[in-house]
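Structure data (mmCIF, C-alpha atoms) from model05.cif:
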```cif
data_structure
#
loop_
_atom_site.label_atom_id
_atom_site.label_comp_id
_atom_site.auth_asym_id
_atom_site.auth_seq_id
_atom_site.Cartn_x
_atom_site.Cartn_y
_atom_site.Cartn_z
CA MET A 17 78.06 21.65 14.17
CA THR A 18 77.73 18.64 11.90
CA VAL A 19 78.76 19.10 8.27
CA ALA A 20 78.24 16.32 5.73
CA ILE A 21 80.44 16.20 2.64
CA ALA A 22 78.53 14.55 -0.18
CA SER A 23 78.35 14.44 -3.97
CA GLY A 24 76.22 12.78 -6.57
CA LYS A 25 79.09 11.52 -8.68
CA GLY A 26 81.85 9.42 -7.18
CA GLY A 27 85.47 10.56 -7.39
CA THR A 28 84.76 14.29 -7.27
CA GLY A 29 86.82 14.89 -4.13
CA LYS A 30 84.60 14.23 -1.10
CA THR A 31 87.38 12.57 0.86
CA THR A 32 89.86 15.23 -0.22
CA VAL A 33 87.58 17.99 1.10
CA ALA A 34 86.53 16.17 4.30
CA LEU A 35 90.07 15.16 5.17
CA ASN A 36 91.72 18.49 4.44
CA LEU A 37 89.01 20.32 6.38
CA ALA A 38 89.55 18.00 9.35
CA LEU A 39 93.28 18.74 9.25
CA ALA A 40 92.82 22.49 8.77
CA ILE A 41 90.37 23.02 11.65
CA ASP A 42 92.01 24.15 14.90
CA GLY A 43 91.29 22.02 17.93
CA PRO A 44 89.47 18.72 18.24
CA VAL A 45 87.37 17.49 15.32
CA ARG A 46 85.43 14.33 14.66
CA LEU A 47 85.63 12.78 11.20
CA LEU A 48 83.09 10.06 10.37
CA ASP A 49 83.96 7.97 7.33
CA CYS A 50 80.48 6.83 6.29
CA ASP A 51 81.63 5.59 2.87
CA VAL A 52 81.53 2.14 4.44
CA GLU A 53 81.95 0.18 1.21
CA GLU A 54 85.41 1.66 0.79
CA PRO A 55 86.44 3.86 3.72
CA ASN A 56 89.69 5.60 2.80
CA CYS A 57 90.23 8.53 5.21
CA HIS A 58 92.36 6.22 7.35
CA ILE A 59 94.91 5.85 4.54
CA PHE A 60 95.81 9.53 4.92
CA LEU A 61 95.55 9.72 8.71
CA ASN A 62 97.14 6.45 9.84
CA PRO A 63 95.09 6.53 13.04
CA SER A 64 95.72 4.29 16.01
CA ILE A 65 92.54 2.19 16.20
CA GLN A 66 91.32 2.05 19.79
CA GLU A 67 88.02 0.24 19.42
CA ARG A 68 86.67 -2.25 16.94
CA GLU A 69 83.06 -3.34 17.23
CA ALA A 70 81.11 -5.83 15.10
CA ILE A 71 77.72 -4.54 13.90
CA SER A 72 74.81 -6.87 13.25
CA ILE A 73 71.25 -6.64 12.05
CA PRO A 74 68.42 -8.94 13.16
CA VAL A 75 67.31 -11.48 10.56
CA PRO A 76 64.50 -14.05 10.82
CA PHE A 77 64.92 -17.60 12.03
CA VAL A 78 61.98 -19.93 11.41
CA ASP A 79 61.00 -22.67 13.87
CA GLU A 80 59.55 -25.10 11.33
CA ALA A 81 57.77 -27.11 14.04
CA LYS A 82 55.59 -24.09 14.82
CA CYS A 83 55.17 -22.89 11.19
CA THR A 84 51.87 -23.63 9.44
CA ALA A 85 53.06 -22.32 6.04
CA CYS A 86 50.33 -19.65 6.07
CA GLY A 87 52.52 -17.29 4.03
CA GLU A 88 51.88 -14.12 6.08
CA CYS A 89 55.62 -13.46 6.52
CA GLY A 90 56.29 -13.60 2.77
CA ARG A 91 53.33 -11.33 1.99
CA PHE A 92 54.61 -8.79 4.51
CA CYS A 93 58.25 -8.66 3.34
CA GLN A 94 58.82 -6.02 0.64
CA TYR A 95 62.37 -7.20 0.04
CA HIS A 96 61.65 -10.89 -0.66
CA ALA A 97 63.99 -11.81 2.16
CA ILE A 98 61.47 -14.35 3.39
CA VAL A 99 59.16 -16.23 1.02
CA SER A 100 56.59 -18.91 1.58
CA LEU A 101 55.53 -20.70 -1.60
CA LYS A 102 52.82 -22.95 -0.17
CA THR A 103 55.69 -24.32 1.93
CA LYS A 104 57.66 -23.56 5.09
CA PRO A 105 59.34 -20.19 4.44
CA LEU A 106 62.74 -19.75 2.85
CA VAL A 107 64.96 -17.04 4.31
CA PHE A 108 67.42 -14.99 2.23
CA PRO A 109 69.35 -13.15 4.97
CA GLU A 110 71.37 -11.12 2.47
CA LEU A 111 68.17 -9.36 1.34
CA CYS A 112 66.85 -8.70 4.86
CA HIS A 113 66.65 -5.08 6.05
CA GLY A 114 66.16 -6.16 9.65
CA CYS A 115 62.75 -4.54 10.16
CA GLY A 116 61.34 -7.43 12.23
CA GLY A 117 57.95 -7.30 10.48
CA CYS A 118 57.85 -11.00 9.57
CA ALA A 119 58.20 -11.99 13.23
CA LYS A 120 55.43 -9.56 14.21
CA VAL A 121 52.89 -10.78 11.63
CA CYS A 122 53.51 -14.50 12.22
CA PRO A 123 50.30 -15.82 13.85
CA THR A 124 51.99 -18.87 15.40
CA VAL A 125 55.09 -17.02 16.69
CA ALA A 126 57.29 -19.33 14.64
CA ILE A 127 59.75 -16.58 13.73
CA SER A 128 62.42 -15.27 16.05
CA GLU A 129 65.31 -12.97 15.20
CA VAL A 130 68.98 -13.86 15.12
CA GLU A 131 71.93 -11.53 14.64
CA ARG A 132 73.74 -11.37 11.31
CA GLU A 133 77.04 -9.48 11.25
CA ILE A 134 77.26 -6.91 8.42
CA GLY A 135 80.49 -5.11 9.25
CA VAL A 136 82.58 -3.34 11.86
CA VAL A 137 82.90 0.15 13.26
CA GLU A 138 86.43 1.26 14.09
CA THR A 139 87.28 4.23 16.26
CA GLY A 140 90.71 5.76 16.31
CA ALA A 141 92.69 8.94 16.77
CA SER A 142 95.19 10.87 14.71
CA GLY A 143 96.43 14.10 16.28
CA THR A 144 93.36 16.13 17.25
CA ILE A 145 91.12 14.12 14.92
CA ARG A 146 88.80 11.42 16.24
CA LEU A 147 88.14 9.10 13.29
CA VAL A 148 85.14 6.77 13.28
CA GLN A 149 84.78 4.54 10.25
CA GLY A 150 82.53 1.73 9.11
CA ARG A 151 83.76 -1.24 7.13
CA LEU A 152 81.03 -3.23 5.40
CA ASN A 153 81.69 -6.95 5.06
CA VAL A 154 82.38 -8.13 1.51
CA GLY A 155 79.20 -9.36 -0.17
CA VAL A 156 76.83 -7.43 2.11
CA PRO A 157 74.61 -5.17 -0.02
CA LEU A 158 73.04 -3.25 2.86
CA SER A 159 75.01 -0.34 4.30
CA PRO A 160 72.53 2.02 6.06
CA PRO A 161 72.48 0.13 9.40
CA LEU A 162 76.28 0.29 9.51
CA ILE A 163 76.29 3.99 8.60
CA ARG A 164 73.84 4.67 11.43
CA ALA A 165 76.10 2.67 13.78
CA VAL A 166 79.07 4.88 12.80
CA LYS A 167 77.02 8.00 13.54
CA ARG A 168 75.93 6.69 16.95
CA ARG A 169 79.62 6.55 17.90
CA THR A 170 80.35 10.18 17.03
CA GLY A 171 81.58 10.93 20.56
CA ASP A 172 82.13 14.36 22.08
CA GLY A 173 84.15 17.47 21.29
CA GLY A 174 84.51 19.77 18.30
CA PRO A 175 82.80 19.93 14.93
CA VAL A 176 81.70 16.76 13.13
CA LEU A 177 82.60 16.11 9.49
CA ILE A 178 80.88 13.27 7.65
CA ASP A 179 82.51 11.79 4.56
CA CYS A 180 79.44 10.42 2.72
CA PRO A 181 79.21 7.64 0.15
CA PRO A 182 78.56 8.77 -3.45
CA GLY A 183 75.14 8.72 -5.11
CA THR A 184 71.73 9.79 -3.88
CA SER A 185 70.23 6.53 -2.59
CA CYS A 186 69.60 5.13 0.91
CA PRO A 187 73.26 5.05 2.09
CA VAL A 188 73.69 8.75 1.29
CA ILE A 189 70.39 9.69 2.94
CA SER A 190 71.43 7.73 6.07
CA ALA A 191 74.73 9.60 6.15
CA LEU A 192 73.17 13.06 5.55
CA ARG A 193 70.27 12.86 7.99
CA GLY A 194 70.58 15.09 11.02
CA SER A 195 73.42 17.20 9.57
CA ASP A 196 73.37 20.97 10.03
CA PHE A 197 74.94 21.70 6.66
CA VAL A 198 75.90 19.82 3.51
CA VAL A 199 78.84 20.54 1.25
CA LEU A 200 78.22 19.07 -2.21
CA VAL A 201 81.51 18.43 -3.97
CA THR A 202 81.30 18.27 -7.73
CA GLU A 203 83.55 18.70 -10.74
CA SER A 204 83.36 20.80 -13.91
CA THR A 205 82.25 18.02 -16.24
CA PRO A 206 78.87 16.99 -17.71
CA PHE A 207 78.80 13.98 -15.34
CA GLY A 208 79.56 16.24 -12.38
CA LEU A 209 76.68 18.51 -13.35
CA ASN A 210 74.18 15.71 -13.95
CA ASP A 211 74.84 14.10 -10.59
CA LEU A 212 75.07 17.42 -8.74
CA ALA A 213 71.52 18.23 -9.85
CA LEU A 214 70.34 14.88 -8.44
CA ALA A 215 72.17 15.49 -5.16
CA VAL A 216 70.68 18.99 -4.89
CA GLU A 217 67.19 17.49 -5.21
CA ALA A 218 67.95 14.97 -2.46
CA VAL A 219 69.37 17.55 -0.06
CA ARG A 220 66.47 19.95 -0.71
CA ALA A 221 64.04 17.11 0.04
CA LEU A 222 65.80 16.60 3.37
CA GLY A 223 65.59 20.33 4.10
CA ILE A 224 69.27 20.76 4.98
CA PRO A 225 71.12 23.98 4.01
CA PHE A 226 73.89 23.35 1.52
CA ALA A 227 76.50 24.87 -0.76
CA VAL A 228 78.90 23.61 -3.43
CA VAL A 229 82.64 23.07 -3.71
CA LEU A 230 83.62 22.92 -7.37
CA ASN A 231 86.61 20.70 -7.96
CA ARG A 232 88.62 20.53 -11.21
CA ALA A 233 87.23 23.99 -11.90
CA SER A 234 89.75 24.62 -14.67
CA THR A 235 88.36 22.22 -17.29
CA GLY A 236 86.70 25.02 -19.28
CA TYR A 237 83.25 23.46 -18.83
CA LEU A 238 81.11 26.28 -17.47
CA ARG A 239 77.68 24.72 -17.10
CA VAL A 240 78.10 23.80 -13.43
CA VAL A 241 78.68 27.45 -12.57
CA GLU A 242 75.74 28.46 -14.77
CA TYR A 243 73.52 25.85 -13.09
CA CYS A 244 74.47 27.07 -9.61
CA GLY A 245 73.71 30.65 -10.70
CA ARG A 246 70.28 29.68 -12.01
CA GLU A 247 69.48 27.73 -8.84
CA SER A 248 70.90 30.40 -6.49
CA ILE A 249 73.37 27.89 -5.06
CA HIS A 250 76.41 29.32 -3.34
CA ILE A 251 79.77 28.06 -4.60
CA LEU A 252 82.03 28.14 -1.55
CA LEU A 253 85.25 27.25 -3.30
CA GLU A 254 86.64 26.49 -6.74
CA LEU A 255 89.65 24.20 -6.81
CA PRO A 256 91.64 24.16 -10.04
CA GLU A 257 93.28 20.98 -11.30
CA ASP A 258 96.60 20.80 -9.50
CA ARG A 259 99.06 18.04 -10.27
CA ARG A 260 100.80 18.56 -6.91
CA VAL A 261 97.59 17.74 -5.04
CA ALA A 262 96.99 14.63 -7.17
CA GLU A 263 100.56 13.44 -6.66
CA ALA A 264 100.36 13.95 -2.89
CA TYR A 265 97.01 12.09 -2.86
CA SER A 266 98.51 9.17 -4.76
CA ARG A 267 101.18 8.89 -2.04
CA GLY A 268 98.49 8.94 0.68
CA ARG A 269 99.37 12.48 1.73
CA PRO A 270 96.81 15.29 2.28
CA ALA A 271 97.17 18.55 0.34
CA VAL A 272 97.19 20.77 3.46
CA GLU A 273 100.35 19.06 4.67
CA GLU A 274 102.12 18.70 1.33
CA VAL A 275 101.25 21.60 -0.95
CA PRO A 276 101.99 25.19 0.13
CA GLY A 277 98.91 27.42 0.42
CA TYR A 278 96.32 24.69 0.83
CA ARG A 279 96.08 24.93 4.61
CA LEU A 280 94.93 28.50 4.21
CA VAL A 281 92.46 27.49 1.46
CA PHE A 282 90.79 24.93 3.73
CA GLN A 283 90.90 27.15 6.82
CA ARG A 284 88.99 29.76 4.77
CA LEU A 285 86.63 27.10 3.47
CA TRP A 286 85.77 26.10 7.04
CA ARG A 287 85.14 29.71 8.00
CA ASP A 288 82.92 30.14 4.93
CA ILE A 289 80.99 26.97 5.77
CA GLU A 290 80.35 28.21 9.30
CA GLU A 291 79.22 31.56 7.95
CA ALA A 292 77.00 30.05 5.24
CA ALA A 293 75.40 27.67 7.75
CA HIS A 294 74.79 30.57 10.14
CA LEU A 295 73.31 32.80 7.41
CA GLN A 296 71.05 30.09 6.02
CA ARG A 297 69.82 29.24 9.52
CA ALA A 298 69.23 32.90 10.28
CA ALA A 299 67.35 33.29 6.98
CA GLY A 300 64.94 30.66 8.25
CA GLY A 301 62.87 28.80 5.72
CA VAL A 302 64.94 25.69 6.23
CA VAL A 303 63.16 22.98 8.12
CA HIS A 304 65.27 20.19 9.49
CA ALA A 305 64.29 16.66 8.70
CA ASP A 306 64.07 14.38 11.71
CA ALA A 307 67.33 12.65 12.52
CA MET B 19 50.47 -29.49 -17.03
CA THR B 20 51.18 -25.78 -16.61
CA ILE B 21 54.39 -24.67 -18.26
CA VAL B 22 55.74 -21.14 -17.81
CA VAL B 23 58.10 -19.76 -20.46
CA THR B 24 59.98 -16.47 -20.06
CA ALA B 25 59.31 -14.32 -23.13
CA ASP B 26 60.46 -11.12 -24.75
CA GLY B 27 56.95 -10.47 -26.08
CA GLU B 28 53.33 -11.44 -25.69
CA THR B 29 52.98 -14.17 -28.31
CA LEU B 30 54.23 -17.70 -28.93
CA ASP B 31 56.42 -16.25 -31.71
CA ALA B 32 58.30 -14.05 -29.23
CA PRO B 33 61.89 -15.04 -28.39
CA VAL B 34 62.51 -16.80 -25.07
CA ASP B 35 63.74 -14.15 -22.62
CA GLN B 36 67.13 -15.40 -21.44
CA ARG B 37 66.57 -13.90 -17.99
CA PHE B 38 64.16 -15.40 -15.49
CA GLY B 39 63.80 -12.85 -12.67
CA ARG B 40 63.86 -9.87 -14.98
CA ALA B 41 62.05 -11.44 -17.92
CA ALA B 42 59.60 -9.04 -19.56
CA TRP B 43 56.71 -11.52 -19.84
CA PHE B 44 55.67 -14.96 -18.68
CA ILE B 45 53.78 -17.13 -21.16
CA VAL B 46 51.66 -19.55 -19.11
CA TYR B 47 50.95 -22.53 -21.34
CA ASP B 48 48.57 -25.40 -20.62
CA SER B 49 49.89 -28.52 -22.31
CA LEU B 50 46.50 -30.25 -22.25
CA THR B 51 44.32 -27.55 -23.79
CA LYS B 52 47.19 -25.97 -25.81
CA GLU B 53 45.96 -22.57 -24.62
CA PHE B 54 48.11 -19.86 -23.14
CA LYS B 55 47.86 -16.61 -21.25
CA VAL B 56 50.37 -13.80 -20.86
CA VAL B 57 51.51 -12.31 -17.55
CA ASP B 58 53.38 -9.02 -17.23
CA ASN B 59 56.55 -9.26 -15.10
CA ARG B 60 57.49 -5.59 -15.15
CA GLN B 61 57.07 -5.44 -11.37
CA SER B 62 60.12 -7.71 -10.99
CA LEU B 63 61.91 -5.90 -13.81
CA ASP B 64 62.01 -2.76 -11.69
CA ALA B 65 62.94 -4.44 -8.39
CA ALA B 66 66.32 -3.37 -7.00
CA GLN B 67 66.97 -6.79 -5.51
CA GLY B 68 65.16 -10.09 -5.16
CA ALA B 69 63.73 -10.04 -8.70
CA GLY B 70 64.28 -13.79 -9.09
CA ILE B 71 62.54 -14.59 -5.81
CA GLN B 72 59.64 -12.31 -6.70
CA ALA B 73 59.36 -13.97 -10.12
CA ALA B 74 59.36 -17.41 -8.46
CA GLU B 75 56.49 -16.26 -6.21
CA THR B 76 54.61 -14.98 -9.26
CA ILE B 77 54.85 -18.20 -11.28
CA SER B 78 54.15 -20.33 -8.21
CA ARG B 79 50.86 -18.44 -7.80
CA LEU B 80 50.16 -19.06 -11.49
CA GLY B 81 50.34 -22.77 -10.78
CA ALA B 82 53.56 -23.40 -12.72
CA GLU B 83 54.87 -26.96 -12.66
CA CYS B 84 57.71 -26.41 -15.16
CA LEU B 85 59.74 -23.35 -16.06
CA LEU B 86 61.46 -22.96 -19.44
CA THR B 87 63.99 -20.13 -19.50
CA GLY B 88 67.49 -19.17 -20.60
CA HIS B 89 69.27 -18.91 -17.27
CA CYS B 90 68.39 -19.17 -13.60
CA GLY B 91 70.34 -17.70 -10.68
CA PRO B 92 70.89 -19.21 -7.21
CA LYS B 93 68.19 -17.42 -5.19
CA ALA B 94 65.54 -17.98 -7.83
CA PHE B 95 66.53 -21.64 -8.13
CA ARG B 96 66.26 -22.16 -4.37
CA ALA B 97 62.79 -20.57 -4.31
CA LEU B 98 61.63 -22.53 -7.37
CA ALA B 99 62.89 -25.79 -5.88
CA ALA B 100 61.03 -25.07 -2.62
CA ALA B 101 57.86 -24.43 -4.62
CA GLY B 102 58.34 -27.75 -6.43
CA ILE B 103 58.75 -26.14 -9.86
CA ARG B 104 61.03 -28.00 -12.27
CA VAL B 105 63.50 -25.73 -14.05
CA TYR B 106 64.67 -26.19 -17.63
CA SER B 107 67.34 -23.57 -18.28
CA GLY B 108 69.06 -23.39 -21.65
CA ALA B 109 65.83 -22.84 -23.60
CA GLY B 110 66.18 -20.66 -26.71
CA GLY B 111 64.50 -19.71 -29.98
CA THR B 112 60.85 -18.72 -29.85
CA VAL B 113 58.44 -19.61 -27.05
CA ALA B 114 56.67 -22.08 -29.39
CA GLU B 115 60.00 -23.73 -30.26
CA ALA B 116 60.96 -24.01 -26.59
CA ILE B 117 57.63 -25.67 -25.77
CA ALA B 118 58.03 -28.06 -28.71
CA SER B 119 61.58 -28.97 -27.56
CA PHE B 120 60.32 -29.54 -24.03
CA GLU B 121 57.42 -31.72 -25.17
CA ALA B 122 59.79 -33.72 -27.38
CA GLY B 123 61.99 -34.33 -24.33
CA ARG B 124 64.93 -32.40 -25.74
CA LEU B 125 65.38 -30.08 -22.73
CA THR B 126 67.17 -31.30 -19.61
CA GLN B 127 65.97 -30.50 -16.11
CA ALA B 128 68.46 -28.27 -14.29
CA ALA B 129 69.89 -29.63 -11.04
CA ALA B 130 71.24 -26.25 -9.92
CA ALA B 131 71.45 -22.58 -10.84
CA ASP B 132 73.47 -22.10 -14.03
CA VAL B 133 74.54 -18.48 -13.46
CA ASP B 134 75.48 -16.25 -10.52
CA GLY B 135 73.04 -13.70 -9.14
CA HIS B 136 72.78 -10.41 -11.07
CA TRP B 137 74.44 -11.90 -14.16
#
```
Translate the structure of the given file into structure tokens.
Amino acid sequence: MTVAIASGKGGTGKTTVALNLALAIDGPVRLLDCDVEEPNCHIFLNPSIQEREAISIPVPFVDEAKCTACGECGRFCQYHAIVSLKTKPLVFPELCHGCGGCAKVCPTVAISEVEREIGVVETGASGTIRLVQGRLNVGVPLSPPLIRAVKRRTGDGGPVLIDCPPGTSCPVISALRGSDFVVLVTESTPFGLNDLALAVEAVRALGIPFAVVLNRASTGYLRVVEYCGRESIHILLELPEDRRVAEAYSRGRPAVEEVPGYRLVFQRLWRDIEEAAHLQRAAGGVVHADA
Amino acid sequence: MTIVVTADGETLDAPVDQRFGRAAWFIVYDSLTKEFKVVDNRQSLDAAQGAGIQAAETISRLGAECLLTGHCGPKAFRALAAAGIRVYSGAGGTVAEAIASFEAGRLTQAAAADVDGHW
């Protein structure tokens, strides 16, 4: 089973939940850190990195001798990564999504594709956890190809947990696609509620069953619980603010290993996730989006 | 000569929009006939990335020879240079004032971008 841990808002506790689940599950587990702009699971796991692989996307290279400056490439590109202003085209590789369309529409076959490195995928192990993480190069604005590369290296054995990037845009969709279940982590604040509602819309559009973990549940702000009630969204777990957890986190230590009682909390959470995923699948009505 | 000025409104009295790529409007001014037309740039305004390049494509199609604007970033500058459009960044006041300054030779042609991308 593949479970993605996502949120609308950043800093709600995605990594905390993903990491503590990975440590609480018995037997082998695969943890994919798809927050490739700032992967941080490794800080808590100190894995031994066994493989490191550079990931590239294809970007256009123009053979100016063959180019007639017809402008077809620039008219095709929706990202303005290649433009032809009555001249031989200019290429802006940093804007290129690597679709290859410009090369296909070029009538004189003046465009070929060259590789541009966008980041690395690292694979390592820590205890029974196989950790795969992406690291986007500084200055690269395009993370989905790297996220997909992380997911292609999932490997075999045990459940898969995906630590997603925050937000609801392309990187998150790339990370969520193909998951069996999504855990949306939010917090009891107006910002948490606003961004949870956006994330719920995104996950519903993808057709993946989901439920909520409510972090910082002791703020006294009740609207997240009210919202989940109105929307018939299951809250799997409420975590109160706990200084001991925050202090352990700040030392790079996971709650399940530092704070008494938390291993049981996350073992139960995993059981509840499995049950919720099973029930929602059995209830039907959920159509999986294509991976 | 066709001069394009970035504008915050649709008239010659409108302030010069300090942004190029994400300028609200382009005033396309013909220095011979003294006539102008207004072009909506909201398409670039909503672009996630590449707004400056898209704006350069737009004004190139409009036949721009000179651009008067507040600031111009590196990608836009590269595209404008390739299209042979002269850039005069540092324009201010109203569109009419910027055109008058340009025609009086008080604006200097930019040799490079004067701000970073996404400033």
Quiz item: Mind telling me what the PyMOL selection byres ((chain B) within 7 of (chain A)) catches here, as a list in words?
Solution: Gly68, Ile71, Gln72, Glu75, Ser78 and Ala101 of chain B
Self-check item: For Gly88 (chain B), the nearest of the candidates B:Ala73, B:Ala41, B:Val57, B:Ala114, counting all atoms listed in the file
Solution: B:Ala41
Practice problem: Please indicate the distance in Å from CA of Cys50 (chain A) to CA of Pro181 (chain A), rounded to one decimal place. | Solution: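 We find that CA of Cys50 (chain A) and CA of Pro181 (chain A) lie 6.3 Å from each other.
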Quiz prompt | Spatial neighbours of region 266-275 of chain A, max dist 9 Å, all atoms listed in the file, sep filter under 4 positions, as a PyMOL selection string | solution = chain A and resi 32+35-37+39-40+59-61+260-262+279-282
Just the selected residues (C-alpha atoms), exported as a PDB file, in the coordinates of the input, please.
```
ATOM      1  CA  THR A  32      89.860  15.230  -0.220  1.00  0.00           C
ATOM      2  CA  LEU A  35      90.070  15.160   5.170  1.00  0.00           C
ATOM      3  CA  ASN A  36      91.720  18.490   4.440  1.00  0.00           C
ATOM      4  CA  LEU A  37      89.010  20.320   6.380  1.00  0.00           C
ATOM      5  CA  LEU A  39      93.280  18.740   9.250  1.00  0.00           C
ATOM      6  CA  ALA A  40      92.820  22.490   8.770  1.00  0.00           C
ATOM      7  CA  ILE A  59      94.910   5.850   4.540  1.00  0.00           C
ATOM      8  CA  PHE A  60      95.810   9.530   4.920  1.00  0.00           C
ATOM      9  CA  LEU A  61      95.550   9.720   8.710  1.00  0.00           C
ATOM     10  CA  ARG A 260     100.800  18.560  -6.910  1.00  0.00           C
ATOM     11  CA  VAL A 261      97.590  17.740  -5.040  1.00  0.00           C
ATOM     12  CA  ALA A 262      96.990  14.630  -7.170  1.00  0.00           C
ATOM     13  CA  ARG A 279      96.080  24.930   4.610  1.00  0.00           C
ATOM     14  CA  LEU A 280      94.930  28.500   4.210  1.00  0.00           C
ATOM     15  CA  VAL A 281      92.460  27.490   1.460  1.00  0.00           C
ATOM     16  CA  PHE A 282      90.790  24.930   3.730  1.00  0.00           C
TER      17      PHE A 282
END
```
Tell me which residues the PyMOL selection byres ((chain A and resi 163) around 10) grabs here, as a CSV table (one decimal) with C-alpha atoms, keeping the file's coordinate frame.
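Output file result-v1.csv follows:
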```
chain,number,residue,atom,x,y,z
A,48,LEU,CA,83.1,10.1,10.4
A,49,ASP,CA,84.0,8.0,7.3
A,50,CYS,CA,80.5,6.8,6.3
A,51,ASP,CA,81.6,5.6,2.9
A,52,VAL,CA,81.5,2.1,4.4
A,137,VAL,CA,82.9,0.2,13.3
A,149,GLN,CA,84.8,4.5,10.2
A,150,GLY,CA,82.5,1.7,9.1
A,151,ARG,CA,83.8,-1.2,7.1
A,152,LEU,CA,81.0,-3.2,5.4
A,158,LEU,CA,73.0,-3.2,2.9
A,159,SER,CA,75.0,-0.3,4.3
A,160,PRO,CA,72.5,2.0,6.1
A,161,PRO,CA,72.5,0.1,9.4
A,162,LEU,CA,76.3,0.3,9.5
A,164,ARG,CA,73.8,4.7,11.4
A,165,ALA,CA,76.1,2.7,13.8
A,166,VAL,CA,79.1,4.9,12.8
A,167,LYS,CA,77.0,8.0,13.5
A,168,ARG,CA,75.9,6.7,17.0
A,180,CYS,CA,79.4,10.4,2.7
A,181,PRO,CA,79.2,7.6,0.2
A,187,PRO,CA,73.3,5.0,2.1
A,188,VAL,CA,73.7,8.8,1.3
A,189,ILE,CA,70.4,9.7,2.9
A,190,SER,CA,71.4,7.7,6.1
A,191,ALA,CA,74.7,9.6,6.2
```
Quiz item: Got a sec to resolve the PyMOL selection byres ((chain B and resi 29) around 10) on this structure and send the residues as a list in words?
Solution: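 So the PyMOL selection byres ((chain B and resi 29) around 10), applied here, picks out Ala25, Asp26, Gly27, Glu28, Leu30, Asp31, Ala32, Pro33, Trp43, Ile45, Phe54, Lys55, Val56, Thr112, Val113 and Ala114 of chain B.
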Exercise. Enter the distance from CA of Asp196 (chain A) to CA of Ala20 (chain A), in Å, rounded to one decimal.
Key: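 Between CA of Asp196 (chain A) and CA of Ala20 (chain A) the gap is 8.0 Å.
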Exercise. Mind checking which residues fall within 12 Å of Met19 (chain B), counting only C-alpha atoms, ignoring those fewer than 5 positions away in the same chain, and posting them as a VMD selection string?
Key: chain B and resid 46 to 54 80 to 85 103 to 104 117 121
